[in-house]
Each structure stands twice: as C-alpha cells, then as structure tokens.
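*Asks:* I am sharing coords.txt, which consists of compact mmCIF, C-alpha atoms:
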# COMPACT_ATOMS: atom_id res chain seq x y z
CA MET A 1 0.00 0.00 0.00
CA LYS A 2 1.77 3.14 -1.22
CA LEU A 3 0.77 6.67 -2.06
CA SER A 4 2.34 8.10 -5.21
CA GLU A 5 5.23 10.52 -4.82
CA GLY A 6 2.94 13.08 -6.44
CA VAL A 7 1.19 13.47 -3.08
CA GLU A 8 4.38 14.81 -1.46
CA TRP A 9 5.04 17.02 -4.49
CA GLY A 10 1.47 18.36 -4.53
CA LEU A 11 1.52 19.22 -0.82
CA HIS A 12 4.89 21.01 -0.96
CA CYS A 13 3.94 22.90 -4.14
CA ALA A 14 0.55 23.94 -2.73
CA LEU A 15 2.41 25.28 0.29
CA LEU A 16 4.83 27.28 -1.87
CA ILE A 17 1.88 28.67 -3.84
CA ALA A 18 0.01 29.55 -0.62
CA ARG A 19 3.09 31.49 0.51
CA ALA A 20 3.59 33.50 -2.68
CA PRO A 21 3.33 37.19 -1.71
CA ASN A 22 0.11 38.96 -2.76
CA GLY A 23 -1.19 35.84 -4.48
CA THR A 24 1.46 36.01 -7.22
CA ALA A 25 1.10 33.12 -9.68
CA LEU A 26 4.12 30.77 -9.45
CA PRO A 27 5.34 29.31 -12.75
CA ARG A 28 5.62 25.56 -13.14
CA ARG A 29 9.36 25.77 -13.75
CA LEU A 30 9.94 27.64 -10.49
CA LEU A 31 7.85 25.10 -8.56
CA ALA A 32 9.85 22.24 -10.08
CA GLU A 33 13.21 23.90 -9.43
CA ARG A 34 12.46 24.81 -5.83
CA HIS A 35 12.23 21.13 -4.81
CA GLY A 36 14.33 19.61 -7.62
CA LEU A 37 11.35 17.90 -9.26
CA PRO A 38 11.02 16.81 -12.93
CA GLU A 39 8.92 19.60 -14.47
CA ALA A 40 7.05 17.52 -17.06
CA TYR A 41 5.95 14.98 -14.48
CA LEU A 42 5.07 17.64 -11.92
CA ALA A 43 2.82 19.26 -14.58
CA LYS A 44 0.52 16.23 -14.44
CA HIS A 45 -0.01 16.68 -10.70
CA LEU A 46 -0.50 20.44 -10.93
CA GLN A 47 -3.17 19.84 -13.58
CA ALA A 48 -4.89 17.39 -11.20
CA LEU A 49 -4.98 20.14 -8.55
CA VAL A 50 -6.46 22.54 -11.12
CA ARG A 51 -9.10 19.99 -12.17
CA ALA A 52 -10.05 19.52 -8.52
CA GLY A 53 -10.66 23.27 -8.17
CA LEU A 54 -7.77 23.78 -5.73
CA LEU A 55 -5.42 25.74 -8.03
CA GLN A 56 -6.01 28.24 -10.82
CA ALA A 57 -3.72 28.24 -13.84
CA ALA A 58 -2.93 31.78 -15.02
CA PRO A 59 -1.78 31.71 -18.68
CA GLY A 60 0.84 33.84 -20.43
CA PRO A 61 4.48 34.80 -19.82
CA THR A 62 3.79 35.98 -16.27
CA GLY A 63 1.47 33.05 -15.71
CA GLY A 64 1.63 30.17 -13.31
CA PHE A 65 -0.41 28.74 -10.47
CA ARG A 66 -2.23 30.38 -7.59
CA LEU A 67 -4.74 29.04 -5.08
CA ALA A 68 -8.31 28.79 -6.38
CA ARG A 69 -9.66 29.46 -2.89
CA SER A 70 -8.18 30.64 0.37
CA ALA A 71 -5.68 28.43 2.21
CA ASN A 72 -8.06 27.88 5.10
CA GLN A 73 -10.60 26.42 2.65
CA ILE A 74 -8.22 23.78 1.30
CA THR A 75 -7.51 20.69 3.38
CA VAL A 76 -4.66 18.21 3.13
CA LEU A 77 -7.32 15.64 2.20
CA ASP A 78 -8.40 17.79 -0.78
CA ILE A 79 -4.83 17.79 -2.12
CA VAL A 80 -4.17 14.10 -1.40
CA GLU A 81 -7.40 12.96 -3.06
CA ALA A 82 -6.98 15.30 -6.05
CA ILE A 83 -3.75 13.45 -6.81
CA GLU A 84 -4.41 9.97 -5.50
CA GLY A 85 -8.16 9.58 -5.91
CA SER A 86 -10.59 8.82 -3.13
CA ASP A 87 -10.94 5.05 -3.40
CA SER A 88 -10.47 2.97 -0.28
CA PRO A 89 -7.22 0.96 -0.42
CA PHE A 90 -9.25 -2.14 0.47
CA VAL A 91 -10.99 -3.58 -2.57
CA CYS A 92 -13.66 -6.10 -1.54
CA GLN A 93 -13.75 -8.98 -4.04
CA GLU A 94 -16.83 -10.46 -2.37
CA ILE A 95 -15.09 -13.75 -1.70
CA ARG A 96 -17.91 -14.49 0.75
CA GLN A 97 -19.96 -15.33 -2.38
CA ARG A 98 -17.35 -17.69 -3.81
CA GLY A 99 -16.27 -21.29 -3.24
CA THR A 100 -17.91 -24.19 -1.39
CA GLY A 101 -18.88 -21.93 1.52
CA ALA A 102 -20.49 -19.24 -0.67
CA ALA A 103 -23.17 -17.22 1.09
CA PRO A 104 -26.39 -16.95 -0.97
CA PRO A 105 -27.06 -13.56 -2.66
CA GLU A 106 -29.97 -12.82 -0.29
CA ALA A 107 -27.52 -12.96 2.63
CA CYS A 108 -25.22 -10.48 0.91
CA ARG A 109 -27.49 -7.48 0.45
CA ARG A 110 -25.55 -5.56 3.09
CA PRO A 111 -21.81 -4.94 2.72
CA CYS A 112 -19.59 -7.63 4.21
CA ALA A 113 -18.66 -6.79 7.82
CA ILE A 114 -14.98 -7.26 6.94
CA ALA A 115 -15.25 -4.68 4.14
CA SER A 116 -17.14 -2.35 6.51
CA VAL A 117 -14.31 -2.46 9.08
CA MET A 118 -11.82 -1.59 6.35
CA VAL A 119 -14.00 1.25 5.02
CA GLN A 120 -14.35 2.63 8.56
CA ALA A 121 -10.54 2.74 8.90
CA HIS A 122 -10.29 4.54 5.57
CA GLN A 123 -12.79 7.09 6.83
CA ALA A 124 -10.66 7.59 9.97
CA TRP A 125 -7.65 8.25 7.70
CA ARG A 126 -9.67 10.71 5.61
CA GLU A 127 -11.00 12.48 8.69
CA SER A 128 -7.49 12.93 10.04
CA LEU A 129 -6.35 14.57 6.78
CA ARG A 130 -9.52 16.64 6.58
CA THR A 131 -8.79 18.32 9.92
CA VAL A 132 -5.62 20.01 8.62
CA THR A 133 -5.95 22.96 6.25
CA LEU A 134 -3.23 24.33 4.00
CA ASP A 135 -3.31 27.39 6.19
CA GLN A 136 -2.52 25.35 9.31
CA LEU A 137 0.18 23.41 7.46
CA ASP A 138 1.72 26.73 6.50
CA ARG A 139 2.12 27.59 10.18
CA ARG A 140 3.66 24.19 10.97
CA VAL A 141 6.30 24.12 8.21
CA PRO A 142 9.23 26.49 8.91
CA GLN A 143 9.46 29.23 6.31
CA ILE A 144 13.14 28.80 5.56
CA ASN A 145 13.07 29.36 1.85
CA ARG A 146 13.16 32.68 0.09
CA GLU A 147 9.79 33.56 -1.44
CA MET B 1 -2.89 3.16 -2.89
CA LYS B 2 -4.12 -0.43 -2.72
CA LEU B 3 -4.02 -3.20 -0.18
CA SER B 4 -3.20 -6.64 -1.58
CA GLU B 5 -6.07 -9.08 -2.04
CA GLY B 6 -4.29 -11.23 0.56
CA VAL B 7 -5.71 -8.93 3.25
CA GLU B 8 -9.29 -9.95 2.37
CA TRP B 9 -8.24 -13.61 2.13
CA GLY B 10 -6.41 -13.48 5.46
CA LEU B 11 -9.34 -11.89 7.28
CA HIS B 12 -11.92 -14.35 5.92
CA CYS B 13 -9.65 -17.35 6.58
CA ALA B 14 -8.86 -16.19 10.13
CA LEU B 15 -12.61 -15.95 10.70
CA LEU B 16 -13.21 -19.49 9.39
CA ILE B 17 -10.40 -20.75 11.64
CA ALA B 18 -11.80 -18.88 14.64
CA ARG B 19 -15.15 -20.59 14.03
CA ALA B 20 -13.82 -24.14 13.74
CA PRO B 21 -15.52 -26.19 16.48
CA ASN B 22 -13.33 -27.08 19.46
CA GLY B 23 -10.29 -25.42 17.92
CA THR B 24 -10.05 -28.03 15.14
CA ALA B 25 -7.15 -27.28 12.77
CA LEU B 26 -8.46 -26.39 9.30
CA PRO B 27 -6.42 -27.70 6.35
CA ARG B 28 -5.13 -25.25 3.76
CA ARG B 29 -7.10 -26.98 1.00
CA LEU B 30 -10.38 -26.56 2.88
CA LEU B 31 -9.64 -22.87 3.55
CA ALA B 32 -8.92 -22.33 -0.16
CA GLU B 33 -12.00 -24.21 -1.32
CA ARG B 34 -14.38 -22.47 1.06
CA HIS B 35 -13.82 -19.09 -0.62
CA GLY B 36 -12.65 -20.31 -4.04
CA LEU B 37 -9.06 -19.12 -3.54
CA PRO B 38 -5.89 -20.43 -5.28
CA GLU B 39 -4.36 -22.75 -2.66
CA ALA B 40 -0.68 -22.18 -3.51
CA TYR B 41 -1.04 -18.41 -3.34
CA LEU B 42 -3.15 -18.56 -0.18
CA ALA B 43 -0.36 -20.62 1.44
CA LYS B 44 1.94 -17.59 1.31
CA HIS B 45 -0.53 -15.50 3.29
CA LEU B 46 -1.26 -18.25 5.83
CA GLN B 47 2.49 -18.55 6.42
CA ALA B 48 2.65 -14.79 7.02
CA LEU B 49 -0.05 -15.18 9.69
CA VAL B 50 1.95 -18.03 11.28
CA ARG B 51 5.15 -15.96 11.25
CA ALA B 52 3.29 -13.10 12.95
CA GLY B 53 2.23 -15.45 15.76
CA LEU B 54 -1.48 -15.27 14.88
CA LEU B 55 -1.93 -18.83 13.56
CA GLN B 56 -0.36 -22.15 14.48
CA ALA B 57 0.36 -24.70 11.77
CA ALA B 58 -0.39 -28.27 12.90
CA PRO B 59 1.52 -30.76 10.73
CA GLY B 60 0.46 -34.20 9.51
CA PRO B 61 -2.56 -35.72 7.73
CA THR B 62 -5.05 -34.21 10.20
CA GLY B 63 -3.07 -30.97 10.29
CA GLY B 64 -3.96 -27.47 9.31
CA PHE B 65 -4.28 -24.08 10.92
CA ARG B 66 -5.69 -22.98 14.24
CA LEU B 67 -5.48 -19.68 16.12
CA ALA B 68 -2.26 -19.17 18.06
CA ARG B 69 -4.10 -17.12 20.67
CA SER B 70 -7.74 -16.49 21.49
CA ALA B 71 -9.89 -14.55 19.04
CA ASN B 72 -10.30 -11.65 21.46
CA GLN B 73 -6.50 -11.26 21.50
CA ILE B 74 -6.20 -10.88 17.72
CA THR B 75 -7.14 -7.58 16.10
CA VAL B 76 -7.97 -6.82 12.50
CA LEU B 77 -4.83 -4.66 12.50
CA ASP B 78 -2.71 -7.69 13.50
CA ILE B 79 -3.99 -9.62 10.47
CA VAL B 80 -3.76 -6.70 8.04
CA GLU B 81 -0.18 -5.84 9.06
CA ALA B 82 0.95 -9.49 9.10
CA ILE B 83 0.05 -9.62 5.41
CA GLU B 84 0.64 -6.06 4.25
CA GLY B 85 3.41 -4.85 6.54
CA SER B 86 3.18 -1.84 8.82
CA ASP B 87 4.80 0.87 6.70
CA SER B 88 2.92 4.13 6.22
CA PRO B 89 1.63 4.49 2.65
CA PHE B 90 3.23 7.93 2.54
CA VAL B 91 6.95 7.71 1.83
CA CYS B 92 8.68 11.01 2.57
CA GLN B 93 11.43 11.65 0.01
CA GLU B 94 12.64 14.72 1.92
CA ILE B 95 12.09 16.98 -1.07
CA ARG B 96 12.37 19.89 1.38
CA GLN B 97 16.14 19.27 1.21
CA ARG B 98 16.28 19.31 -2.59
CA GLY B 99 16.32 21.96 -5.31
CA THR B 100 16.96 25.70 -5.24
CA GLY B 101 14.78 26.11 -2.13
CA ALA B 102 16.50 23.34 -0.16
CA ALA B 103 16.30 23.73 3.60
CA PRO B 104 19.70 23.30 5.32
CA PRO B 105 20.25 20.02 7.21
CA GLU B 106 20.15 21.79 10.59
CA ALA B 107 16.59 22.90 9.82
CA CYS B 108 15.58 19.30 9.05
CA ARG B 109 16.37 17.54 12.31
CA ARG B 110 12.67 17.12 13.04
CA PRO B 111 10.39 15.29 10.61
CA CYS B 112 8.79 17.46 7.95
CA ALA B 113 5.37 18.73 9.09
CA ILE B 114 3.84 17.38 5.87
CA ALA B 115 5.18 13.90 6.61
CA SER B 116 3.94 14.22 10.20
CA VAL B 117 0.38 14.96 9.06
CA MET B 118 0.48 11.89 6.81
CA VAL B 119 1.89 9.70 9.60
CA GLN B 120 -0.85 10.92 11.95
CA ALA B 121 -3.51 9.86 9.43
CA HIS B 122 -1.86 6.44 9.14
CA GLN B 123 -2.00 6.12 12.92
CA ALA B 124 -5.73 6.97 12.84
CA TRP B 125 -6.21 4.17 10.26
CA ARG B 126 -4.23 1.74 12.42
CA GLU B 127 -6.14 2.73 15.56
CA SER B 128 -9.45 2.11 13.81
CA LEU B 129 -8.36 -1.42 12.81
CA ARG B 130 -6.88 -2.06 16.25
CA THR B 131 -10.25 -1.51 17.94
CA VAL B 132 -11.85 -4.53 16.23
CA THR B 133 -10.89 -8.02 17.41
CA LEU B 134 -11.43 -11.23 15.47
CA ASP B 135 -13.90 -12.14 18.17
CA GLN B 136 -15.97 -9.00 17.49
CA LEU B 137 -15.73 -9.56 13.74
CA ASP B 138 -17.06 -13.07 14.31
CA ARG B 139 -20.21 -11.61 15.85
CA ARG B 140 -20.65 -9.13 12.99
CA VAL B 141 -20.32 -11.57 10.08
CA PRO B 142 -23.40 -13.83 9.70
CA GLN B 143 -22.54 -17.48 10.25
CA ILE B 144 -24.20 -18.77 7.11
CA ASN B 145 -21.73 -21.43 6.16
CA ARG B 146 -21.58 -24.96 7.42
CA GLU B 147 -18.63 -25.48 9.73
So, in terms of structure tokens, how does the structure I just supplied come out?

*Replies:*
Amino acid sequence: MKLSEGVEWGLHCALLIARAPNGTALPRRLLAERHGLPEAYLAKHLQALVRAGLLQAAPGPTGGFRLARSANQITVLDIVEAIEGSDSPFVCQEIRQRGTGAAPPEACRRPCAIASVMVQAHQAWRESLRTVTLDQLDRRVPQINRE
Amino acid sequence: MKLSEGVEWGLHCALLIARAPNGTALPRRLLAERHGLPEAYLAKHLQALVRAGLLQAAPGPTGGFRLARSANQITVLDIVEAIEGSDSPFVCQEIRQRGTGAAPPEACRRPCAIASVMVQAHQAWRESLRTVTLDQLDRRVPQINRE
C-alpha cells in the first residue's frame, strides 16, 4: 500500500503557492526547481490540482499557479485525493460469495462486515487529513526558503 | 494506494479458523475451497499469519491451521499488518532538502510537518483497525456457512 510521490510534491507545491506574496502566480518551472522535481511529471499533478478546483492556472508569460480558494478552505485531504483519488485501499472482491462456503445472494445485500471495518478505517484516515488545512500546514512548516 | 487481495483472504480465513468447532485445525485446501481461492497463493498469506504469531500450523494428515491465541486477542490490525506490513503508505522523500529552495540540514532535524500529518492519518487508520478483534468480527459476520 503506497501513495504516489505526487502526493508529497502536490503538498509542498501547494504550500509554496500559498506562501507566494500577494497571491502572485508561481510558474511551473519555479515550482519544479524549488524542490528539484522533474517539471514535465510535476505538470501532471498540478493539472490534477487545477481539475479539482484547488489551483487556478494563469496563462501567459507571467502566468503560473495560484490558489483557487483561500488556504483555510483547502484541506490536506483535498490535495491528497486530487492526486491519488478517493478510493479505499481495500478492494472487496466479495469472496464471501465464492467457493464451497459461498453465502447466498440474499444474505449479501448488506456490505460484508470485513469490508465495513476496512472502510471505517479509511474514513478515519480521511477524517485525520480533513482536519488540517493548508493554512494550518503553512504555520507548521518552517518558512526557511526565500519567497 | 491499494491493499493486496491477501488482506481480504487473510481476514476471511482467520474468521473461518476462529469458528472451527473445538479449535479443530483447518487444512489449507479446505480454507482455499471455502472461498474459491488459489491454494498455492493462499499458502503464502497463511504462512505470514503463522510468522506473525497469529496462527499455528499443525503438521500431519489431520493438520492445518488454528489460532495461536484467542480470538479476542487478535485484532484486524494484526492480520492486516501481518500480510501487508506496517509501513505508512506515505513515503517522505525529503524533497524539502532538494532543489533551489532546499532547507539546510540543521533545519531538518525534526520530521517534515507534511510527513507528520500523513503519519498521523496512518495512525488513525491503524487505531481504527486495532479496535476490532477477530472475536468482534465473528459476531458481525453472519454465520451462514456450514462449519
């Protein structure tokens, strides 16, 4: 079970963008260079953040990315799921309905209790990420870098 | 981010084993047939549960698998981590130390706040799975099958 490296990239880039003075749009190249990331591959993740309504892409020579809403309206969960998707890592194959011990369909109208326990844990994970906004993250990460 | 299908197999098999009357050892073939699972591949996951001290393997013609401790002493988390490992799905590549905006090593003695938020969410996921024992799962899953 692994999250893509794009999640780390997306979170750090969103933080850089949130810190840009006066909402200046930050170009893709600058975002890539700041953390030594491959620009073409980073582009894919930035586009995912735009599609999710978290970033705005400003076109033109002075263009780049800025936040689409304020940093206290964007959660870590928003960014993680924009890049990774929101599916639970547990995929129920309904093996309770297979083999010599198969439960009949009428006994399987409700989700399997095993799947439910796994879904509940995924919700706990989501809730934990939902409680932290980009704004709060900004205050937790030292602002060492030049802006 | 996906859990291996072995997690579902391991949970269902542990439940069948927990339900075996008088702690009878259940043979690998029976476990595979009950849920229509490939026996050779299931063997790998059963061995992982033995290595983690959750199952005991009884050898010989009447052999098979039984619980290594009582069902109220085995949590869903125990089974999931025996099969999947306990690593956080978020792997921090320390990109804060890379690129033109790299933070100096002395500023990176503590874990990155972004990594910490992700670790905290993983702990919430683990805690949720730790609160459910095999015993409790047994009461939640209907006992439709013949034992």

*Asks:* Pick out the residues sitting within 9 Å of segment 13-23 of chain A, and hand them over as a JSON list (two decimals) with C-alpha atoms, in the coordinates of the input; count only C-alpha atoms, and ignore anything fewer than 4 positions along from it in its own chain.

*Replies:*
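Below is the file that was written, out-v9.json:
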[["chain", "number", "residue", "atom", "x", "y", "z"],
["A", 8, "GLU", "CA", 4.38, 14.81, -1.46],
["A", 9, "TRP", "CA", 5.04, 17.02, -4.49],
["A", 31, "LEU", "CA", 7.85, 25.10, -8.56],
["A", 32, "ALA", "CA", 9.85, 22.24, -10.08],
["A", 34, "ARG", "CA", 12.46, 24.81, -5.83],
["A", 35, "HIS", "CA", 12.23, 21.13, -4.81],
["A", 46, "LEU", "CA", -0.50, 20.44, -10.93],
["A", 49, "LEU", "CA", -4.98, 20.14, -8.55],
["A", 54, "LEU", "CA", -7.77, 23.78, -5.73],
["A", 55, "LEU", "CA", -5.42, 25.74, -8.03],
["A", 65, "PHE", "CA", -0.41, 28.74, -10.47],
["A", 66, "ARG", "CA", -2.23, 30.38, -7.59],
["A", 67, "LEU", "CA", -4.74, 29.04, -5.08],
["A", 70, "SER", "CA", -8.18, 30.64, 0.37],
["A", 71, "ALA", "CA", -5.68, 28.43, 2.21],
["A", 79, "ILE", "CA", -4.83, 17.79, -2.12],
["A", 134, "LEU", "CA", -3.23, 24.33, 4.00],
["A", 135, "ASP", "CA", -3.31, 27.39, 6.19],
["A", 137, "LEU", "CA", 0.18, 23.41, 7.46],
["A", 138, "ASP", "CA", 1.72, 26.73, 6.50],
["A", 141, "VAL", "CA", 6.30, 24.12, 8.21],
["A", 143, "GLN", "CA", 9.46, 29.23, 6.31],
["A", 147, "GLU", "CA", 9.79, 33.56, -1.44]]

*Asks:* Counting only C-alpha atoms, which residues from chain A have an atom at most 6 Å from any atom of chain B, and could you show them as a PyMOL selection string?

*Replies:* chain A and resi 1-3+33-36+89-90+95+98-101+113+121+124-125+128+141+145

*Asks:* Between atom CA of Pro38 of chain A and atom CA of Gly64 of chain A, what is the distance in Å, rounded to a tenth?

*Replies:* 16.3 Å

*Asks:* Have a look at atom CA of Gly10 of chain B and atom CA of Arg51 of chain B and let me know their distance in Å, one decimal.

*Replies:*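 Going from atom CA of Gly10 of chain B over to atom CA of Arg51 of chain B, I get 13.2 Å.
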
*Asks:* How many Å separate atom CA of Gln73 of chain A from atom CA of Ala52 of chain A?

*Replies:*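 Going from atom CA of Gln73 of chain A over to atom CA of Ala52 of chain A, I get 13.1 Å.
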